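Visitor: Below is the structure I would like to discuss, written out as structure tokens.
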Amino acid sequence: MPETMLETRELTLGAAIKEALVEEMRRDPTVFILGEDVAEAGTVYKVLSGMVDEFGKDRVLDTPISEAGFAGIAVGAAMTGMRPIVDIMFGDFIGLTMDQMFNQAAKIHYMSGGKWKVPMVLRATMGATRRSAAQHSQSLHAWMCHVPGLKVVMPSTPADAKGLWKTAIRDDNPVVIFEDKMRYGLKGQVPTGEHLIPFGVADIKRAGDDLTIVATSSMVEVSLDAAKMLEEYDISAEVIDPRTLWPLDEKTLIESAKKTSRVIVVDEGYGRFGVNAELASVIAEGAFYDLEAPVKRIGAMHVPIPFSPPLEDATVPTPQMVFEAALALCGKS
Amino acid sequence: MSAKRLGNGRVAVCFFGDGALGQGLLYEVMNMASLWNLPVIYVCENNLYNEYTHNSETIAGDILTRAKGFGVPGESVDGQNVQAVYDTAKKLIDKARAGGGPQFLLCSTYRFTGHHVGDVNREYYRSKQEEQLWKTERDPITLFSNWLIDQKIADRARLDQIKSEVEAEMKKAVQFAMDSPYPAVDKVDQDVYA
């Protein structure tokens, strides 16, 4: 994390996100939120609780269950002077917004020769193990990463969430932020006030020499747990969080891979055709002659997320899975 | 669509809540069903709430007029009145089956509990008195039971017996589920593909 002169105090991930939104809405009257149950309900995870009391129903706007419609309204509002934040309570529902996002929001700046800007943020949740079954548990951020014109942000800590959120709101492009629904209670030190984190700057969450683990969102915590387990085997793991998947800090990933020569990438999206494939490919292309082994991918199993707890737990990456993959990669299994 | 192509006399009955009226897809399919004269009954269970938001904040205009705009005739009915729902639904189904095209049935009803198991504290979007009123005054099972007794089709003792039998069966089913082991982890990819 970049050095900061700001004071810090402990906040949860949810509170850090809310703080970023509140500060930006106080600073800029063009920022407003729209989505299902965002006002009095404060969203299903209560992250926005109380915001309607300060900003009123014109700026914290409950919508009908019309994702395609309000995403489109946000695109238009963004093009004409506002900075909307679209709330999609479950990332599983982003499919409903997709034409507005990838054919409209993502392309308008390019197709208008830079004349129109779409400064909007779409926030959605991701993450399994909440026993919410196949349609409320997916991590579909890879879809958004695939489309040029969108930026994709994946905060893993409260401080990163605040800093990335503030940057997202001030960005002149459509930004999609995925928040892990299981981690809203995660606590960490968060700077007060003007804490902004630039996009495209990875953060080394733990320095190490023997192995690089590139992890996104909640998989950072999973990987840090695995790194701790690896200490007993005298394996020093470096854990890197790209923080934004696009723009992607390729340089930091490649440099770490060159240093350690062994890499695991861990992302909670489906393992096939996903973010892991891209990260692994970037590293393989950039550090091929320094690698001792192919980059190992760990993602969600290629099945719908099951409702049954033991089955669900088997489908997403755990510290144990990362630990075992690391041992194998280091020839110690 | 399959009923029309196969000519098997079937009718599709499509249930959704007032929340789903916000989805554009509904208007796309009602348009096509009307254009192609498909045997579909659109049943809107209007329980007043889209998750945690009252539908006065989400629905503009009149619901049945929306269907009418696509040439889909509709009727509204007291969704707590079993006989009324049956009679109206039967009429619409018969019409659709006879080649009358899609029909719309709007049922006024209520969601007795939360939107999901975690939706426990609901007072910020609806009062306990309102919930209580629907449960005590407008429970369709109670209303239908009273009617059966009035018509001397059944007596209170028989209805109480049915109630306790159903409760016992449900209790047994829950117990069976609680006592059953979780599936083995190797079953995780069962049924992903046909």
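In the structure tokens, chains take letters A, B, ... by order of appearance, with residues numbered from 1 within each chain and ligands from 1 in the order shown.
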Which neighbours of region 49-60 of chain A fall inside 12 Å, counting only C-alpha atoms, when residues of the same chain fewer than 4 positions from it are skipped, and could you give them as a ChimeraX atom specification?
Guide: /A:14-15,17-26,28-45,82-87 /B:57,124
Visitor: Next, the residues of the selection above should be written as a short mmCIF file (atom, residue, chain, number, x, y, z; two decimals), in the first residue's frame with N, CA and C atoms.
Guide:
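Wrote again37.cif, looks like this:
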```cif
data_model
loop_
_atom_site.label_atom_id
_atom_site.label_comp_id
_atom_site.auth_asym_id
_atom_site.auth_seq_id
_atom_site.Cartn_x
_atom_site.Cartn_y
_atom_site.Cartn_z
N GLY A 14 -17.62 -3.17 4.90
CA GLY A 14 -18.89 -2.51 4.57
C GLY A 14 -18.86 -1.04 4.96
N ALA A 15 -18.35 -0.74 6.16
CA ALA A 15 -18.31 0.65 6.64
C ALA A 15 -17.35 1.49 5.81
N ILE A 17 -16.68 1.07 2.62
CA ILE A 17 -17.35 1.35 1.34
C ILE A 17 -18.34 2.50 1.53
N LYS A 18 -19.12 2.40 2.61
CA LYS A 18 -20.11 3.44 2.87
C LYS A 18 -19.42 4.79 3.09
N GLU A 19 -18.32 4.77 3.80
CA GLU A 19 -17.61 6.03 4.05
C GLU A 19 -17.17 6.68 2.73
N ALA A 20 -16.66 5.86 1.82
CA ALA A 20 -16.23 6.39 0.52
C ALA A 20 -17.42 7.02 -0.20
N LEU A 21 -18.54 6.32 -0.20
CA LEU A 21 -19.73 6.82 -0.91
C LEU A 21 -20.24 8.11 -0.27
N VAL A 22 -20.29 8.12 1.05
CA VAL A 22 -20.80 9.30 1.77
C VAL A 22 -19.89 10.49 1.48
N GLU A 23 -18.59 10.29 1.59
CA GLU A 23 -17.66 11.40 1.35
C GLU A 23 -17.79 11.94 -0.07
N GLU A 24 -17.90 11.02 -1.03
CA GLU A 24 -17.99 11.47 -2.42
C GLU A 24 -19.32 12.15 -2.70
N MET A 25 -20.38 11.69 -2.06
CA MET A 25 -21.69 12.33 -2.28
C MET A 25 -21.76 13.70 -1.63
N ARG A 26 -21.03 13.87 -0.53
CA ARG A 26 -20.97 15.20 0.09
C ARG A 26 -20.14 16.15 -0.78
N ASP A 28 -19.54 15.89 -4.10
CA ASP A 28 -19.99 16.10 -5.48
C ASP A 28 -21.50 15.83 -5.58
N PRO A 29 -22.29 16.89 -5.79
CA PRO A 29 -23.75 16.70 -5.83
C PRO A 29 -24.25 15.93 -7.05
N THR A 30 -23.36 15.66 -8.02
CA THR A 30 -23.83 14.89 -9.18
C THR A 30 -23.80 13.38 -8.91
N VAL A 31 -23.19 12.98 -7.78
CA VAL A 31 -23.14 11.55 -7.47
C VAL A 31 -24.48 11.13 -6.84
N PHE A 32 -25.08 10.09 -7.37
CA PHE A 32 -26.29 9.54 -6.76
C PHE A 32 -26.31 8.03 -6.95
N ILE A 33 -27.14 7.37 -6.12
CA ILE A 33 -27.19 5.90 -6.13
C ILE A 33 -28.58 5.46 -6.58
N LEU A 34 -28.63 4.47 -7.45
CA LEU A 34 -29.93 3.89 -7.74
C LEU A 34 -29.82 2.37 -7.82
N GLY A 35 -30.87 1.71 -7.35
CA GLY A 35 -30.88 0.26 -7.36
C GLY A 35 -32.04 -0.24 -6.52
N GLU A 36 -32.14 -1.56 -6.42
CA GLU A 36 -33.25 -2.15 -5.69
C GLU A 36 -32.97 -2.13 -4.19
N ASP A 37 -33.91 -1.63 -3.42
CA ASP A 37 -33.81 -1.66 -1.96
C ASP A 37 -32.54 -1.00 -1.43
N VAL A 38 -32.17 0.12 -2.04
CA VAL A 38 -30.98 0.83 -1.56
C VAL A 38 -31.32 1.87 -0.50
N ALA A 39 -32.57 2.35 -0.47
CA ALA A 39 -32.93 3.47 0.41
C ALA A 39 -33.15 3.00 1.85
N GLU A 40 -34.40 2.83 2.26
CA GLU A 40 -34.65 2.46 3.67
C GLU A 40 -34.00 1.13 4.02
N ALA A 41 -34.01 0.19 3.10
CA ALA A 41 -33.41 -1.12 3.38
C ALA A 41 -31.89 -1.02 3.44
N GLY A 42 -31.31 -0.04 2.75
CA GLY A 42 -29.86 0.11 2.76
C GLY A 42 -29.13 -1.05 2.10
N THR A 43 -29.78 -1.66 1.15
CA THR A 43 -29.35 -2.87 0.43
C THR A 43 -29.49 -4.12 1.30
N VAL A 44 -29.43 -5.25 0.65
CA VAL A 44 -29.66 -6.52 1.34
C VAL A 44 -28.59 -6.77 2.41
N TYR A 45 -27.38 -6.26 2.20
CA TYR A 45 -26.31 -6.43 3.20
C TYR A 45 -26.16 -5.21 4.10
N MET A 82 -24.22 13.60 -14.79
CA MET A 82 -24.29 13.02 -13.45
C MET A 82 -23.20 11.94 -13.30
N ARG A 83 -23.03 11.51 -12.05
CA ARG A 83 -22.12 10.39 -11.76
C ARG A 83 -22.88 9.32 -10.99
N PRO A 84 -23.66 8.53 -11.70
CA PRO A 84 -24.50 7.55 -11.02
C PRO A 84 -23.72 6.33 -10.51
N ILE A 85 -24.24 5.79 -9.42
CA ILE A 85 -23.75 4.51 -8.91
C ILE A 85 -24.92 3.54 -8.99
N VAL A 86 -24.74 2.50 -9.77
CA VAL A 86 -25.79 1.51 -9.96
C VAL A 86 -25.53 0.35 -9.01
N ASP A 87 -26.52 0.00 -8.21
CA ASP A 87 -26.36 -1.07 -7.24
C ASP A 87 -27.07 -2.33 -7.74
N GLU B 57 -44.21 2.36 -4.86
CA GLU B 57 -42.98 3.05 -5.28
C GLU B 57 -42.40 2.45 -6.56
N TYR B 124 -39.53 -1.45 9.04
CA TYR B 124 -39.17 -0.26 8.28
C TYR B 124 -39.89 -0.20 6.93
#
```
Visitor: For chain A, work out the contacting residues on chain B at 8 Å, counting only C-alpha atoms, and write them as a PDB file with N, CA and C atoms, in the first residue's frame.
Guide:
```pdb
ATOM      1  N   GLY B  19     -43.324  -7.673  -8.197  1.00  0.00           N
ATOM      2  CA  GLY B  19     -41.948  -7.224  -8.434  1.00  0.00           C
ATOM      3  C   GLY B  19     -41.509  -7.476  -9.859  1.00  0.00           C
ATOM      4  N   ALA B  20     -41.916  -8.616 -10.410  1.00  0.00           N
ATOM      5  CA  ALA B  20     -41.512  -8.986 -11.770  1.00  0.00           C
ATOM      6  C   ALA B  20     -42.123  -8.080 -12.829  1.00  0.00           C
ATOM      7  N   LEU B  21     -43.120  -7.291 -12.450  1.00  0.00           N
ATOM      8  CA  LEU B  21     -43.688  -6.343 -13.413  1.00  0.00           C
ATOM      9  C   LEU B  21     -42.652  -5.319 -13.850  1.00  0.00           C
ATOM     10  N   GLY B  22     -41.576  -5.198 -13.091  1.00  0.00           N
ATOM     11  CA  GLY B  22     -40.498  -4.281 -13.454  1.00  0.00           C
ATOM     12  C   GLY B  22     -39.596  -4.812 -14.545  1.00  0.00           C
ATOM     13  N   GLN B  23     -39.684  -6.095 -14.820  1.00  0.00           N
ATOM     14  CA  GLN B  23     -38.779  -6.702 -15.791  1.00  0.00           C
ATOM     15  C   GLN B  23     -39.297  -6.533 -17.218  1.00  0.00           C
ATOM     16  N   GLY B  24     -38.490  -5.961 -18.068  1.00  0.00           N
ATOM     17  CA  GLY B  24     -38.873  -5.740 -19.456  1.00  0.00           C
ATOM     18  C   GLY B  24     -39.226  -7.025 -20.188  1.00  0.00           C
ATOM     19  N   ASN B  50     -42.174  -5.518  -3.370  1.00  0.00           N
ATOM     20  CA  ASN B  50     -41.042  -5.973  -4.180  1.00  0.00           C
ATOM     21  C   ASN B  50     -39.879  -6.122  -3.200  1.00  0.00           C
ATOM     22  N   GLU B  51     -39.658  -7.314  -2.725  1.00  0.00           N
ATOM     23  CA  GLU B  51     -38.661  -7.522  -1.675  1.00  0.00           C
ATOM     24  C   GLU B  51     -38.992  -6.625  -0.480  1.00  0.00           C
ATOM     25  N   TYR B  52     -38.258  -5.496  -0.295  1.00  0.00           N
ATOM     26  CA  TYR B  52     -38.506  -4.658   0.883  1.00  0.00           C
ATOM     27  C   TYR B  52     -39.104  -3.304   0.501  1.00  0.00           C
ATOM     28  N   THR B  53     -39.695  -3.229  -0.674  1.00  0.00           N
ATOM     29  CA  THR B  53     -40.204  -1.945  -1.138  1.00  0.00           C
ATOM     30  C   THR B  53     -41.663  -2.083  -1.549  1.00  0.00           C
ATOM     31  N   GLU B  57     -44.215   2.360  -4.859  1.00  0.00           N
ATOM     32  CA  GLU B  57     -42.984   3.046  -5.280  1.00  0.00           C
ATOM     33  C   GLU B  57     -42.402   2.447  -6.556  1.00  0.00           C
ATOM     34  N   THR B  58     -42.993   1.370  -7.058  1.00  0.00           N
ATOM     35  CA  THR B  58     -42.366   0.703  -8.206  1.00  0.00           C
ATOM     36  C   THR B  58     -43.293   0.509  -9.409  1.00  0.00           C
ATOM     37  N   ILE B  59     -44.600   0.637  -9.208  1.00  0.00           N
ATOM     38  CA  ILE B  59     -45.521   0.369 -10.318  1.00  0.00           C
ATOM     39  C   ILE B  59     -46.251   1.649 -10.707  1.00  0.00           C
ATOM     40  N   TYR B 124     -39.527  -1.446   9.041  1.00  0.00           N
ATOM     41  CA  TYR B 124     -39.170  -0.256   8.285  1.00  0.00           C
ATOM     42  C   TYR B 124     -39.891  -0.195   6.935  1.00  0.00           C
ATOM     43  N   TYR B 125     -40.479  -1.315   6.519  1.00  0.00           N
ATOM     44  CA  TYR B 125     -41.233  -1.237   5.261  1.00  0.00           C
ATOM     45  C   TYR B 125     -42.702  -1.642   5.382  1.00  0.00           C
ATOM     46  N   TYR B 182     -25.707 -35.244   4.660  1.00  0.00           N
ATOM     47  CA  TYR B 182     -25.413 -34.411   3.486  1.00  0.00           C
ATOM     48  C   TYR B 182     -24.929 -35.313   2.352  1.00  0.00           C
ATOM     49  N   PRO B 183     -25.112 -34.883   1.120  1.00  0.00           N
ATOM     50  CA  PRO B 183     -24.603 -35.700   0.019  1.00  0.00           C
ATOM     51  C   PRO B 183     -23.080 -35.798   0.069  1.00  0.00           C
ATOM     52  N   ALA B 184     -22.567 -36.914  -0.464  1.00  0.00           N
ATOM     53  CA  ALA B 184     -21.112 -37.082  -0.518  1.00  0.00           C
ATOM     54  C   ALA B 184     -20.532 -36.046  -1.485  1.00  0.00           C
ATOM     55  N   VAL B 185     -19.326 -35.603  -1.164  1.00  0.00           N
ATOM     56  CA  VAL B 185     -18.707 -34.531  -1.955  1.00  0.00           C
ATOM     57  C   VAL B 185     -18.511 -34.932  -3.422  1.00  0.00           C
ATOM     58  N   LYS B 187     -20.535 -36.138  -5.277  1.00  0.00           N
ATOM     59  CA  LYS B 187     -21.778 -35.921  -6.032  1.00  0.00           C
ATOM     60  C   LYS B 187     -21.879 -34.476  -6.553  1.00  0.00           C
ATOM     61  N   VAL B 188     -20.845 -33.702  -6.312  1.00  0.00           N
ATOM     62  CA  VAL B 188     -20.939 -32.266  -6.586  1.00  0.00           C
ATOM     63  C   VAL B 188     -21.201 -31.943  -8.061  1.00  0.00           C
ATOM     64  N   ASP B 189     -20.702 -32.796  -8.976  1.00  0.00           N
ATOM     65  CA  ASP B 189     -20.920 -32.474 -10.393  1.00  0.00           C
ATOM     66  C   ASP B 189     -22.042 -33.311 -11.012  1.00  0.00           C
ATOM     67  N   VAL B 192     -24.928 -31.692 -13.722  1.00  0.00           N
ATOM     68  CA  VAL B 192     -24.566 -30.427 -14.379  1.00  0.00           C
ATOM     69  C   VAL B 192     -25.037 -30.462 -15.834  1.00  0.00           C
TER      70      VAL B 192
END
```
Visitor: For Arg97 (chain B), work out the shell of residues within 8 Å, counting only C-alpha atoms and skipping chain neighbours fewer than 3 positions away, then give it as a list of chain:residue names.
Guide: B:Gly9, B:Arg10, B:Val11, B:Pro39, B:Ile93, B:Asp94, B:Gly100, B:Gly101
Visitor: Those same residues, written as a compact mmCIF listing (two decimals), in the first residue's frame with C-alpha atoms?
Guide:
```txt
# COMPACT_ATOMS: atom_id res chain seq x y z
CA GLY B 9 -54.01 -29.12 -25.60
CA ARG B 10 -51.70 -27.97 -22.85
CA VAL B 11 -51.77 -24.50 -21.36
CA PRO B 39 -52.06 -20.61 -24.76
CA ILE B 93 -57.64 -21.41 -18.97
CA ASP B 94 -60.65 -22.65 -20.93
CA GLY B 100 -58.34 -17.56 -27.33
CA GLY B 101 -54.68 -16.68 -26.87
```
Visitor: Please, which residues of region 4-154 of chain A, numbered as in this document, come out helix (DSSP H, G or I) from DSSP, as a ChimeraX atom specification?
Guide: /A:13-27,51-55,67-79,91-105,108-111,141-145
Visitor: Put those residues in a file: C-alpha atoms, as a short mmCIF file (atom, residue, chain, number, x, y, z; two decimals), in the first residue's frame.
Guide:
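Output contents, as saved in result-v5.cif:
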```cif
data_model
loop_
_atom_site.label_atom_id
_atom_site.label_comp_id
_atom_site.auth_asym_id
_atom_site.auth_seq_id
_atom_site.Cartn_x
_atom_site.Cartn_y
_atom_site.Cartn_z
CA LEU A 13 -15.22 -3.51 4.73
CA GLY A 14 -18.89 -2.51 4.57
CA ALA A 15 -18.31 0.65 6.64
CA ALA A 16 -15.30 1.61 4.53
CA ILE A 17 -17.35 1.35 1.34
CA LYS A 18 -20.11 3.44 2.87
CA GLU A 19 -17.61 6.03 4.05
CA ALA A 20 -16.23 6.39 0.52
CA LEU A 21 -19.73 6.82 -0.91
CA VAL A 22 -20.80 9.30 1.77
CA GLU A 23 -17.66 11.40 1.35
CA GLU A 24 -17.99 11.47 -2.42
CA MET A 25 -21.69 12.33 -2.28
CA ARG A 26 -20.97 15.20 0.09
CA ARG A 27 -18.18 16.43 -2.17
CA MET A 51 -27.56 7.06 3.57
CA VAL A 52 -31.09 7.92 2.48
CA ASP A 53 -31.50 9.90 5.74
CA GLU A 54 -28.61 12.18 4.83
CA PHE A 55 -29.05 12.43 1.08
CA GLU A 67 -31.90 -3.94 -13.87
CA ALA A 68 -31.65 -3.39 -17.62
CA GLY A 69 -33.77 -0.25 -17.33
CA PHE A 70 -31.98 1.45 -14.47
CA ALA A 71 -28.55 0.54 -15.81
CA GLY A 72 -29.61 2.25 -19.04
CA ILE A 73 -30.93 5.28 -17.17
CA ALA A 74 -27.57 5.50 -15.40
CA VAL A 75 -25.69 5.40 -18.71
CA GLY A 76 -27.79 8.28 -20.01
CA ALA A 77 -27.47 10.25 -16.76
CA ALA A 78 -23.70 9.72 -16.80
CA MET A 79 -23.46 10.99 -20.37
CA GLY A 91 -23.46 -10.13 -9.12
CA ASP A 92 -25.46 -13.04 -10.48
CA PHE A 93 -27.88 -10.43 -11.86
CA ILE A 94 -25.34 -8.46 -13.92
CA GLY A 95 -26.46 -10.44 -16.93
CA LEU A 96 -29.62 -8.34 -16.90
CA THR A 97 -27.56 -5.14 -17.25
CA MET A 98 -25.17 -6.49 -19.83
CA ASP A 99 -26.33 -4.87 -23.04
CA GLN A 100 -26.33 -1.47 -21.36
CA MET A 101 -22.91 -2.14 -19.89
CA PHE A 102 -20.97 -3.75 -22.70
CA ASN A 103 -22.68 -2.34 -25.80
CA GLN A 104 -23.55 1.12 -24.48
CA ALA A 105 -21.50 2.23 -21.45
CA ILE A 108 -19.92 5.30 -26.17
CA HIS A 109 -16.65 7.15 -25.51
CA TYR A 110 -14.88 5.26 -28.28
CA MET A 111 -17.69 5.43 -30.82
CA HIS A 141 -16.34 -10.51 -12.74
CA ALA A 142 -14.56 -12.18 -15.67
CA TRP A 143 -17.51 -11.20 -17.89
CA MET A 144 -16.92 -7.50 -17.27
CA CYS A 145 -13.14 -7.86 -17.68
#
```
Visitor: Quick one: residues within 9 Å of Ser223 (chain A), only C-alpha atoms counted, chain neighbours fewer than 3 positions away excluded, as a list in words?
Guide: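 The neighbour list is Ile213, Val214, Ala215, Ser218, Met219, Val220, Ala226, Ala227, Lys228, Val239, Val266, Thr318, Pro319, Val322 and Phe323 of chain A.
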Visitor: Using DSSP secondary structure from the backbone, list all strand (DSSP E or B) positions within region 62-202 of chain A, as a ChimeraX atom specification.
Guide: /A:62,83-88,121-126,151-153,175-180,187-191
Visitor: With distances taken over only C-alpha atoms, which residue among A:Lys258, A:Leu140, A:Arg130, A:Pro242 lies nearest Arg272 (chain A)?
Guide: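 Of the candidates, the smallest distance to Arg272 (chain A) is held by A:Leu140.
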Visitor: Name all residues at most 12 Å from Met229 (chain A) (count only C-alpha atoms; drop same-chain ones fewer than 4 positions away) and give them as a ChimeraX atom specification.
Guide: /A:222-225,233-237,319-324,326-327
Visitor: Which is closest to Pro247 (chain A) among A:Thr260, A:Gln189, A:Ser139, A:Asn173, if we use only C-alpha atoms?
Guide: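 Smallest distance to Pro247 (chain A) is found for A:Asn173.
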Visitor: Find the spatial neighbours of Ala84 (chain B), counting only C-alpha atoms, within a cut-off of 12 Å - ignore same-chain residues fewer than 2 positions away - and output them as a ChimeraX atom specification.
Guide: /B:75-82,86-91,105-108,140,143-144
Visitor: In Å, with one decimal, what is the gap from CA of Glu238 (chain A) to CA of Arg206 (chain A)?
Guide: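 Between these atoms lies a distance of 5.3 Å.
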Visitor: Separation of CA of Glu285 (chain A) and CA of Thr252 (chain A), in Å?
Guide: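 Interatomic distance here is 13.7 Å.
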Visitor: Calculate how many Å separate CA of Ala168 (chain A) from CA of Arg123 (chain A), rounding to one decimal.
Guide: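 We find that CA of Ala168 (chain A) and CA of Arg123 (chain A) lie 10.4 Å from each other.
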Visitor: Smallest atom-to-atom distance to Ile63 (chain B): which of B:Leu38, B:Glu123, B:Tyr27, B:Ala33, using only C-alpha atoms?
Guide: B:Tyr27
